[in-house]
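Structure file upload.txt; described as compact mmCIF, N, CA and C atoms.
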```
# COMPACT_ATOMS: atom_id res chain seq x y z
N MET A 24 106.19 -86.76 -27.45
CA MET A 24 105.51 -86.76 -26.17
C MET A 24 104.24 -87.57 -26.33
N ARG A 25 103.87 -88.33 -25.31
CA ARG A 25 102.75 -89.25 -25.40
C ARG A 25 101.39 -88.58 -25.20
N SER A 26 101.32 -87.49 -24.48
CA SER A 26 100.02 -86.84 -24.23
C SER A 26 100.04 -85.46 -24.82
N SER A 27 98.89 -85.03 -25.37
CA SER A 27 98.85 -83.74 -26.04
C SER A 27 98.86 -82.58 -25.05
N GLN A 28 98.40 -82.81 -23.81
CA GLN A 28 98.40 -81.75 -22.80
C GLN A 28 99.02 -82.29 -21.51
N PRO A 29 100.34 -82.09 -21.33
CA PRO A 29 100.99 -82.61 -20.13
C PRO A 29 100.44 -81.93 -18.88
N SER A 30 100.35 -82.74 -17.80
CA SER A 30 99.83 -82.20 -16.54
C SER A 30 100.82 -81.22 -15.92
N SER A 31 102.07 -81.52 -15.94
CA SER A 31 103.13 -80.68 -15.39
C SER A 31 104.39 -80.92 -16.19
N LEU A 32 105.26 -79.95 -16.18
CA LEU A 32 106.54 -80.10 -16.85
C LEU A 32 107.64 -79.85 -15.83
N TYR A 33 108.68 -80.68 -15.87
CA TYR A 33 109.78 -80.59 -14.92
C TYR A 33 111.10 -80.44 -15.66
N ARG A 34 111.96 -79.60 -15.12
CA ARG A 34 113.30 -79.49 -15.66
C ARG A 34 114.02 -80.81 -15.45
N ILE A 35 114.98 -81.09 -16.31
CA ILE A 35 115.73 -82.35 -16.26
C ILE A 35 116.34 -82.58 -14.88
N GLY A 36 116.95 -81.55 -14.30
CA GLY A 36 117.59 -81.69 -12.99
C GLY A 36 116.60 -82.05 -11.89
N HIS A 37 115.42 -81.44 -11.93
CA HIS A 37 114.41 -81.73 -10.92
C HIS A 37 113.87 -83.14 -11.12
N ALA A 38 113.67 -83.56 -12.36
CA ALA A 38 113.22 -84.92 -12.65
C ALA A 38 114.24 -85.94 -12.14
N ALA A 39 115.52 -85.65 -12.35
CA ALA A 39 116.57 -86.55 -11.87
C ALA A 39 116.52 -86.68 -10.34
N GLU A 40 116.34 -85.55 -9.68
CA GLU A 40 116.25 -85.55 -8.21
C GLU A 40 115.05 -86.37 -7.74
N LEU A 41 113.92 -86.20 -8.40
CA LEU A 41 112.71 -86.93 -8.01
C LEU A 41 112.85 -88.44 -8.24
N LEU A 42 113.59 -88.82 -9.28
CA LEU A 42 113.79 -90.24 -9.57
C LEU A 42 114.97 -90.84 -8.82
N GLY A 43 115.82 -89.98 -8.25
CA GLY A 43 116.98 -90.48 -7.52
C GLY A 43 118.08 -90.98 -8.45
N VAL A 44 118.20 -90.34 -9.62
CA VAL A 44 119.23 -90.71 -10.58
C VAL A 44 119.98 -89.45 -11.01
N SER A 45 120.99 -89.62 -11.84
CA SER A 45 121.76 -88.46 -12.31
C SER A 45 121.04 -87.77 -13.47
N VAL A 46 121.42 -86.53 -13.69
CA VAL A 46 120.89 -85.76 -14.82
C VAL A 46 121.22 -86.47 -16.13
N ASP A 47 122.43 -87.02 -16.22
CA ASP A 47 122.83 -87.74 -17.44
C ASP A 47 121.93 -88.94 -17.70
N THR A 48 121.51 -89.62 -16.64
CA THR A 48 120.62 -90.77 -16.80
C THR A 48 119.28 -90.33 -17.37
N VAL A 49 118.73 -89.23 -16.85
CA VAL A 49 117.45 -88.72 -17.36
C VAL A 49 117.60 -88.32 -18.82
N ARG A 50 118.70 -87.67 -19.17
CA ARG A 50 118.92 -87.28 -20.56
C ARG A 50 119.00 -88.52 -21.47
N ARG A 51 119.70 -89.54 -20.99
CA ARG A 51 119.83 -90.77 -21.76
C ARG A 51 118.46 -91.43 -21.95
N TRP A 52 117.65 -91.47 -20.89
CA TRP A 52 116.30 -92.05 -20.99
C TRP A 52 115.45 -91.25 -21.96
N ALA A 53 115.60 -89.93 -21.96
CA ALA A 53 114.86 -89.09 -22.91
C ALA A 53 115.30 -89.39 -24.34
N ASP A 54 116.61 -89.49 -24.55
CA ASP A 54 117.15 -89.77 -25.89
C ASP A 54 116.71 -91.15 -26.38
N ASP A 55 116.57 -92.12 -25.46
CA ASP A 55 116.16 -93.48 -25.81
C ASP A 55 114.66 -93.62 -25.95
N GLY A 56 113.91 -92.55 -25.65
CA GLY A 56 112.45 -92.61 -25.74
C GLY A 56 111.77 -93.24 -24.54
N ARG A 57 112.53 -93.49 -23.51
CA ARG A 57 111.96 -94.09 -22.30
C ARG A 57 111.20 -93.06 -21.46
N LEU A 58 111.49 -91.79 -21.68
CA LEU A 58 110.89 -90.71 -20.92
C LEU A 58 110.51 -89.58 -21.88
N ALA A 59 109.23 -89.17 -21.84
CA ALA A 59 108.73 -88.14 -22.75
C ALA A 59 109.21 -86.76 -22.32
N VAL A 60 109.73 -86.01 -23.29
CA VAL A 60 110.17 -84.65 -23.05
C VAL A 60 109.65 -83.74 -24.15
N VAL A 61 109.57 -82.46 -23.83
CA VAL A 61 109.27 -81.43 -24.82
C VAL A 61 110.40 -80.42 -24.77
N ARG A 62 110.58 -79.71 -25.85
CA ARG A 62 111.62 -78.68 -25.88
C ARG A 62 110.97 -77.31 -25.86
N THR A 63 111.56 -76.42 -25.09
CA THR A 63 111.10 -75.04 -25.07
C THR A 63 111.61 -74.35 -26.33
N SER A 64 111.17 -73.15 -26.58
CA SER A 64 111.64 -72.41 -27.75
C SER A 64 113.15 -72.17 -27.67
N GLY A 65 113.69 -72.15 -26.45
CA GLY A 65 115.12 -71.98 -26.26
C GLY A 65 115.90 -73.28 -26.32
N GLY A 66 115.20 -74.41 -26.52
CA GLY A 66 115.88 -75.70 -26.65
C GLY A 66 116.00 -76.49 -25.36
N GLN A 67 115.54 -75.93 -24.25
CA GLN A 67 115.62 -76.64 -22.97
C GLN A 67 114.63 -77.80 -22.97
N ARG A 68 115.07 -78.96 -22.47
CA ARG A 68 114.18 -80.11 -22.39
C ARG A 68 113.41 -80.09 -21.08
N LEU A 69 112.11 -80.33 -21.17
CA LEU A 69 111.24 -80.43 -19.99
C LEU A 69 110.59 -81.79 -20.02
N VAL A 70 110.53 -82.42 -18.85
CA VAL A 70 109.98 -83.77 -18.73
C VAL A 70 108.50 -83.69 -18.42
N ASP A 71 107.70 -84.48 -19.13
CA ASP A 71 106.27 -84.56 -18.90
C ASP A 71 106.00 -85.20 -17.54
N GLY A 72 105.22 -84.52 -16.69
CA GLY A 72 104.95 -85.00 -15.34
C GLY A 72 104.26 -86.34 -15.29
N ALA A 73 103.29 -86.57 -16.19
CA ALA A 73 102.58 -87.85 -16.21
C ALA A 73 103.54 -88.98 -16.57
N ASP A 74 104.42 -88.74 -17.53
CA ASP A 74 105.38 -89.78 -17.92
C ASP A 74 106.43 -89.99 -16.82
N LEU A 75 106.81 -88.92 -16.15
CA LEU A 75 107.74 -89.02 -15.03
C LEU A 75 107.13 -89.89 -13.93
N SER A 76 105.85 -89.69 -13.66
CA SER A 76 105.13 -90.49 -12.67
C SER A 76 105.10 -91.97 -13.08
N ARG A 77 104.84 -92.22 -14.36
CA ARG A 77 104.83 -93.59 -14.87
C ARG A 77 106.17 -94.27 -14.66
N LEU A 78 107.24 -93.57 -15.00
CA LEU A 78 108.58 -94.15 -14.88
C LEU A 78 108.94 -94.38 -13.41
N ALA A 79 108.59 -93.44 -12.54
CA ALA A 79 108.88 -93.60 -11.11
C ALA A 79 108.17 -94.83 -10.56
N THR A 80 106.91 -95.03 -10.97
CA THR A 80 106.15 -96.20 -10.52
C THR A 80 106.76 -97.48 -11.07
N GLU A 81 107.13 -97.46 -12.34
CA GLU A 81 107.76 -98.62 -12.98
C GLU A 81 109.04 -99.01 -12.26
N ARG A 82 109.84 -98.01 -11.92
CA ARG A 82 111.11 -98.29 -11.23
C ARG A 82 110.88 -98.84 -9.84
N ALA A 83 109.84 -98.37 -9.15
CA ALA A 83 109.54 -98.86 -7.81
C ALA A 83 109.04 -100.30 -7.85
N GLU A 84 108.32 -100.65 -8.91
CA GLU A 84 107.79 -102.01 -9.04
C GLU A 84 108.85 -103.00 -9.49
N ASN A 85 109.92 -102.51 -10.10
CA ASN A 85 111.00 -103.37 -10.60
C ASN A 85 112.33 -102.88 -10.05
N PRO A 86 112.57 -103.11 -8.75
CA PRO A 86 113.81 -102.60 -8.14
C PRO A 86 115.05 -103.24 -8.74
N ALA A 87 116.12 -102.50 -8.65
CA ALA A 87 117.40 -102.99 -9.17
C ALA A 87 117.81 -104.28 -8.48
N GLU A 88 118.52 -105.13 -9.22
CA GLU A 88 119.00 -106.37 -8.62
C GLU A 88 119.92 -106.06 -7.45
N GLY A 89 119.85 -106.90 -6.46
CA GLY A 89 120.70 -106.73 -5.29
C GLY A 89 120.07 -105.88 -4.21
N ARG A 90 118.99 -105.22 -4.53
CA ARG A 90 118.31 -104.41 -3.52
C ARG A 90 117.45 -105.34 -2.68
N SER A 91 117.48 -105.17 -1.40
CA SER A 91 116.70 -106.04 -0.53
C SER A 91 115.21 -105.80 -0.73
N ARG A 92 114.41 -106.80 -0.49
CA ARG A 92 112.97 -106.70 -0.65
C ARG A 92 112.34 -106.58 0.73
N VAL A 93 111.75 -105.45 1.01
CA VAL A 93 111.04 -105.22 2.26
C VAL A 93 109.72 -104.55 1.92
N SER A 94 108.79 -104.56 2.87
CA SER A 94 107.48 -103.99 2.58
C SER A 94 107.49 -102.47 2.58
N ALA A 95 108.47 -101.86 3.19
CA ALA A 95 108.54 -100.40 3.22
C ALA A 95 108.89 -99.86 1.83
N ARG A 96 108.22 -98.81 1.42
CA ARG A 96 108.47 -98.21 0.11
C ARG A 96 109.37 -96.99 0.21
N ASN A 97 109.48 -96.40 1.38
CA ASN A 97 110.23 -95.17 1.54
C ASN A 97 111.68 -95.49 1.87
N ARG A 98 112.51 -95.49 0.84
CA ARG A 98 113.92 -95.82 0.99
C ARG A 98 114.74 -94.61 0.58
N PHE A 99 115.61 -94.17 1.45
CA PHE A 99 116.43 -92.99 1.21
C PHE A 99 117.90 -93.41 1.22
N ALA A 100 118.48 -93.59 0.04
CA ALA A 100 119.88 -93.98 -0.06
C ALA A 100 120.74 -92.73 0.07
N GLY A 101 121.82 -92.85 0.83
CA GLY A 101 122.70 -91.70 0.99
C GLY A 101 123.98 -92.06 1.72
N LEU A 102 124.59 -91.05 2.30
CA LEU A 102 125.84 -91.22 3.03
C LEU A 102 125.64 -90.91 4.51
N VAL A 103 126.24 -91.73 5.34
CA VAL A 103 126.23 -91.43 6.77
C VAL A 103 127.10 -90.20 6.97
N THR A 104 126.55 -89.18 7.64
CA THR A 104 127.30 -87.95 7.85
C THR A 104 127.71 -87.76 9.30
N ARG A 105 127.03 -88.45 10.21
CA ARG A 105 127.35 -88.27 11.63
C ARG A 105 126.82 -89.45 12.43
N VAL A 106 127.58 -89.88 13.41
CA VAL A 106 127.15 -90.91 14.34
C VAL A 106 127.52 -90.45 15.74
N VAL A 107 126.51 -90.33 16.60
CA VAL A 107 126.73 -89.96 18.00
C VAL A 107 126.27 -91.16 18.82
N ALA A 108 127.21 -91.78 19.53
CA ALA A 108 126.88 -93.00 20.27
C ALA A 108 127.37 -92.92 21.70
N ASP A 109 126.61 -93.57 22.58
CA ASP A 109 127.05 -93.76 23.95
C ASP A 109 127.08 -95.26 24.21
N ASP A 110 127.02 -95.68 25.45
CA ASP A 110 127.10 -97.10 25.77
C ASP A 110 125.87 -97.88 25.29
N VAL A 111 124.74 -97.21 25.15
CA VAL A 111 123.49 -97.91 24.84
C VAL A 111 122.93 -97.55 23.46
N MET A 112 122.82 -96.25 23.18
CA MET A 112 122.13 -95.79 21.98
C MET A 112 123.08 -95.05 21.02
N ALA A 113 122.67 -95.04 19.72
CA ALA A 113 123.41 -94.30 18.70
C ALA A 113 122.42 -93.50 17.87
N GLN A 114 122.81 -92.28 17.53
CA GLN A 114 122.05 -91.44 16.62
C GLN A 114 122.84 -91.39 15.32
N VAL A 115 122.22 -91.88 14.25
CA VAL A 115 122.89 -91.97 12.96
C VAL A 115 122.20 -91.01 12.00
N GLU A 116 122.98 -90.12 11.38
CA GLU A 116 122.43 -89.16 10.43
C GLU A 116 122.88 -89.55 9.02
N ILE A 117 121.91 -89.56 8.10
CA ILE A 117 122.18 -89.89 6.70
C ILE A 117 121.72 -88.72 5.85
N GLN A 118 122.59 -88.29 4.94
CA GLN A 118 122.21 -87.26 3.97
C GLN A 118 121.86 -88.00 2.69
N ALA A 119 120.56 -87.98 2.35
CA ALA A 119 120.06 -88.67 1.17
C ALA A 119 119.56 -87.62 0.20
N GLY A 120 120.41 -87.21 -0.72
CA GLY A 120 120.04 -86.11 -1.62
C GLY A 120 119.80 -84.87 -0.78
N PRO A 121 118.66 -84.21 -0.95
CA PRO A 121 118.38 -83.01 -0.17
C PRO A 121 117.81 -83.31 1.22
N TYR A 122 117.65 -84.60 1.53
CA TYR A 122 117.01 -84.98 2.78
C TYR A 122 118.00 -85.44 3.83
N ARG A 123 117.82 -84.97 5.05
CA ARG A 123 118.60 -85.42 6.21
C ARG A 123 117.70 -86.35 7.00
N VAL A 124 118.11 -87.61 7.12
CA VAL A 124 117.33 -88.61 7.84
C VAL A 124 118.11 -89.00 9.08
N VAL A 125 117.43 -89.00 10.24
CA VAL A 125 118.08 -89.33 11.51
C VAL A 125 117.43 -90.59 12.06
N SER A 126 118.26 -91.53 12.48
CA SER A 126 117.76 -92.78 13.05
C SER A 126 118.37 -93.00 14.42
N LEU A 127 117.56 -93.50 15.33
CA LEU A 127 118.04 -93.91 16.64
C LEU A 127 118.06 -95.43 16.69
N MET A 128 119.16 -96.00 17.13
CA MET A 128 119.31 -97.45 17.22
C MET A 128 120.27 -97.77 18.35
N THR A 129 120.42 -99.04 18.65
CA THR A 129 121.38 -99.39 19.69
C THR A 129 122.79 -99.14 19.18
N SER A 130 123.68 -98.82 20.07
CA SER A 130 125.08 -98.62 19.70
C SER A 130 125.66 -99.90 19.13
N GLU A 131 125.23 -101.02 19.67
CA GLU A 131 125.70 -102.31 19.19
C GLU A 131 125.33 -102.51 17.72
N ALA A 132 124.09 -102.16 17.35
CA ALA A 132 123.65 -102.31 15.95
C ALA A 132 124.47 -101.40 15.03
N ALA A 133 124.68 -100.16 15.44
CA ALA A 133 125.45 -99.22 14.62
C ALA A 133 126.88 -99.72 14.43
N GLU A 134 127.45 -100.26 15.47
CA GLU A 134 128.82 -100.78 15.39
C GLU A 134 128.86 -102.02 14.51
N ASP A 135 127.91 -102.95 14.69
CA ASP A 135 127.87 -104.18 13.89
C ASP A 135 127.71 -103.87 12.41
N MET A 136 126.98 -102.82 12.08
CA MET A 136 126.76 -102.45 10.69
C MET A 136 127.90 -101.63 10.12
N GLY A 137 128.82 -101.21 10.97
CA GLY A 137 129.95 -100.41 10.51
C GLY A 137 129.55 -99.01 10.09
N LEU A 138 128.55 -98.45 10.76
CA LEU A 138 128.06 -97.12 10.39
C LEU A 138 129.01 -96.05 10.92
N THR A 139 129.71 -95.42 10.00
CA THR A 139 130.63 -94.33 10.31
C THR A 139 130.47 -93.28 9.21
N PRO A 140 130.83 -92.04 9.48
CA PRO A 140 130.72 -91.00 8.45
C PRO A 140 131.42 -91.41 7.15
N GLY A 141 130.71 -91.20 6.03
CA GLY A 141 131.27 -91.52 4.72
C GLY A 141 130.82 -92.87 4.17
N VAL A 142 130.16 -93.69 5.00
CA VAL A 142 129.70 -95.00 4.56
C VAL A 142 128.33 -94.85 3.89
N GLU A 143 128.11 -95.59 2.80
CA GLU A 143 126.80 -95.59 2.15
C GLU A 143 125.82 -96.37 3.01
N ALA A 144 124.59 -95.87 3.08
CA ALA A 144 123.54 -96.54 3.84
C ALA A 144 122.19 -96.19 3.24
N VAL A 145 121.19 -96.96 3.57
CA VAL A 145 119.82 -96.71 3.13
C VAL A 145 118.94 -96.61 4.36
N ALA A 146 118.24 -95.49 4.51
CA ALA A 146 117.27 -95.32 5.59
C ALA A 146 115.94 -95.81 5.04
N VAL A 147 115.33 -96.76 5.73
CA VAL A 147 114.03 -97.30 5.33
C VAL A 147 113.01 -96.80 6.33
N VAL A 148 112.04 -96.04 5.84
CA VAL A 148 111.04 -95.43 6.72
C VAL A 148 109.73 -96.18 6.55
N LYS A 149 109.19 -96.68 7.63
CA LYS A 149 107.91 -97.40 7.61
C LYS A 149 106.97 -96.66 8.55
N SER A 150 105.86 -96.23 8.03
CA SER A 150 104.92 -95.46 8.83
C SER A 150 103.50 -95.85 8.49
N THR A 151 102.60 -95.71 9.44
CA THR A 151 101.20 -96.01 9.18
C THR A 151 100.43 -94.78 8.76
N ASN A 152 101.05 -93.61 8.86
CA ASN A 152 100.36 -92.37 8.50
C ASN A 152 101.31 -91.48 7.72
N VAL A 153 100.91 -91.13 6.52
CA VAL A 153 101.75 -90.27 5.69
C VAL A 153 100.91 -89.08 5.24
N VAL A 154 101.45 -87.88 5.43
CA VAL A 154 100.78 -86.66 5.00
C VAL A 154 101.47 -86.19 3.72
N VAL A 155 100.70 -85.86 2.71
CA VAL A 155 101.24 -85.39 1.45
C VAL A 155 100.88 -83.93 1.27
N GLU A 156 101.88 -83.12 0.94
CA GLU A 156 101.66 -81.71 0.65
C GLU A 156 102.09 -81.45 -0.78
N ARG A 157 101.45 -80.52 -1.43
CA ARG A 157 101.86 -80.15 -2.78
C ARG A 157 102.46 -78.74 -2.71
N LEU A 158 103.65 -78.62 -3.26
CA LEU A 158 104.33 -77.34 -3.31
C LEU A 158 103.62 -76.46 -4.30
N ARG A 159 103.63 -75.18 -4.04
CA ARG A 159 103.02 -74.23 -4.99
C ARG A 159 103.81 -74.23 -6.27
N PRO A 160 103.11 -74.21 -7.44
CA PRO A 160 103.83 -74.22 -8.73
C PRO A 160 104.60 -72.95 -8.96
```
Kindly return the structure encoded in the file as structure tokens.
Amino acid sequence: MRSSQPSSLYRIGHAAELLGVSVDTVRRWADDGRLAVVRTSGGQRLVDGADLSRLATERAENPAEGRSRVSARNRFAGLVTRVVADDVMAQVEIQAGPYRVVSLMTSEAAEDMGLTPGVEAVAVVKSTNVVVERLRP
């Protein structure tokens, strides 16, 4: 571990959820030394919060190839779960991990993009005001 007193410790599954990757990927990164972990007396691996933050920032600054470049940072990749459309407007619901994101767009745009349940999509959220809350430990 890189720091003698970690700010927070996260279970592997929670770290994977926060990074938007699989548990196996987090384990592999830990084994490769890319992500600092500590072991509990029972052998469970916990991810150092400061190192998790570093890796999340690194990944955001170096997006995977093929990902479009836009100024919005809030990208929620997931599956389209529902599309309700009329002649003019469409409501598209995307389940992105634990998050349900709903978008309103023209029916023409939804049709042109082929948005139907089961299709992969990315919801890009751009806002001028963001409120941050911290969950109780």
Counting only C-alpha atoms, which residues in stretch 91-128 of chain A sit no more than 10 Å from stretch 41-54 of chain A? For each one, give the nearest pair of atoms and the distance in Å, sorted by chain then residue number, as JSON lines.
```
{"residue": "A:Phe99", "atom": "CA", "partner": "A:Gly43", "partner_atom": "CA", "distance": 9.1}
{"residue": "A:Ala100", "atom": "CA", "partner": "A:Gly43", "partner_atom": "CA", "distance": 8.7}
{"residue": "A:Ala119", "atom": "CA", "partner": "A:Gly43", "partner_atom": "CA", "distance": 9.4}
{"residue": "A:Gly120", "atom": "CA", "partner": "A:Gly43", "partner_atom": "CA", "distance": 8.0}
```
Out of stretch 43-142 of chain A, which residues get helix (DSSP H, G or I) from DSSP, as a ChimeraX atom specification? /A:46-54,72-84,130-136
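Closest approach to A:Pro140 among A:Asp55, A:Glu116, A:Asp71, A:Glu81: A:Glu116, based on only C-alpha atoms.
Of note, atom N of A:Thr63 and atom C of A:Ser76 are spaced 20.7 Å apart.
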Which centre and edge lengths in Å to one decimal define the box along x, y and z that fits every listed atom of stretch 112-118 of chain A plus 6 Å per side, as lines of an AutoDock Vina configuration file?
```
center_x = 122.6
center_y = -91.8
center_z = 12.9
size_x = 13.7
size_y = 21.0
size_z = 32.5
```
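Here atom C of A:Ala133 is placed at a distance of 17.3 Å from atom C of A:Gln118.
For the atom pair formed by atom N of A:Leu102 and atom N of A:Glu143, the distance is 5.8 Å, given to one decimal.
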Got a sec: who's within 6 Å of stretch 34-38 of chain A, counting only N, CA and C atoms, leaving out chain neighbours fewer than 6 positions off, as a PyMOL selection string? chain A and resi 46+68-70
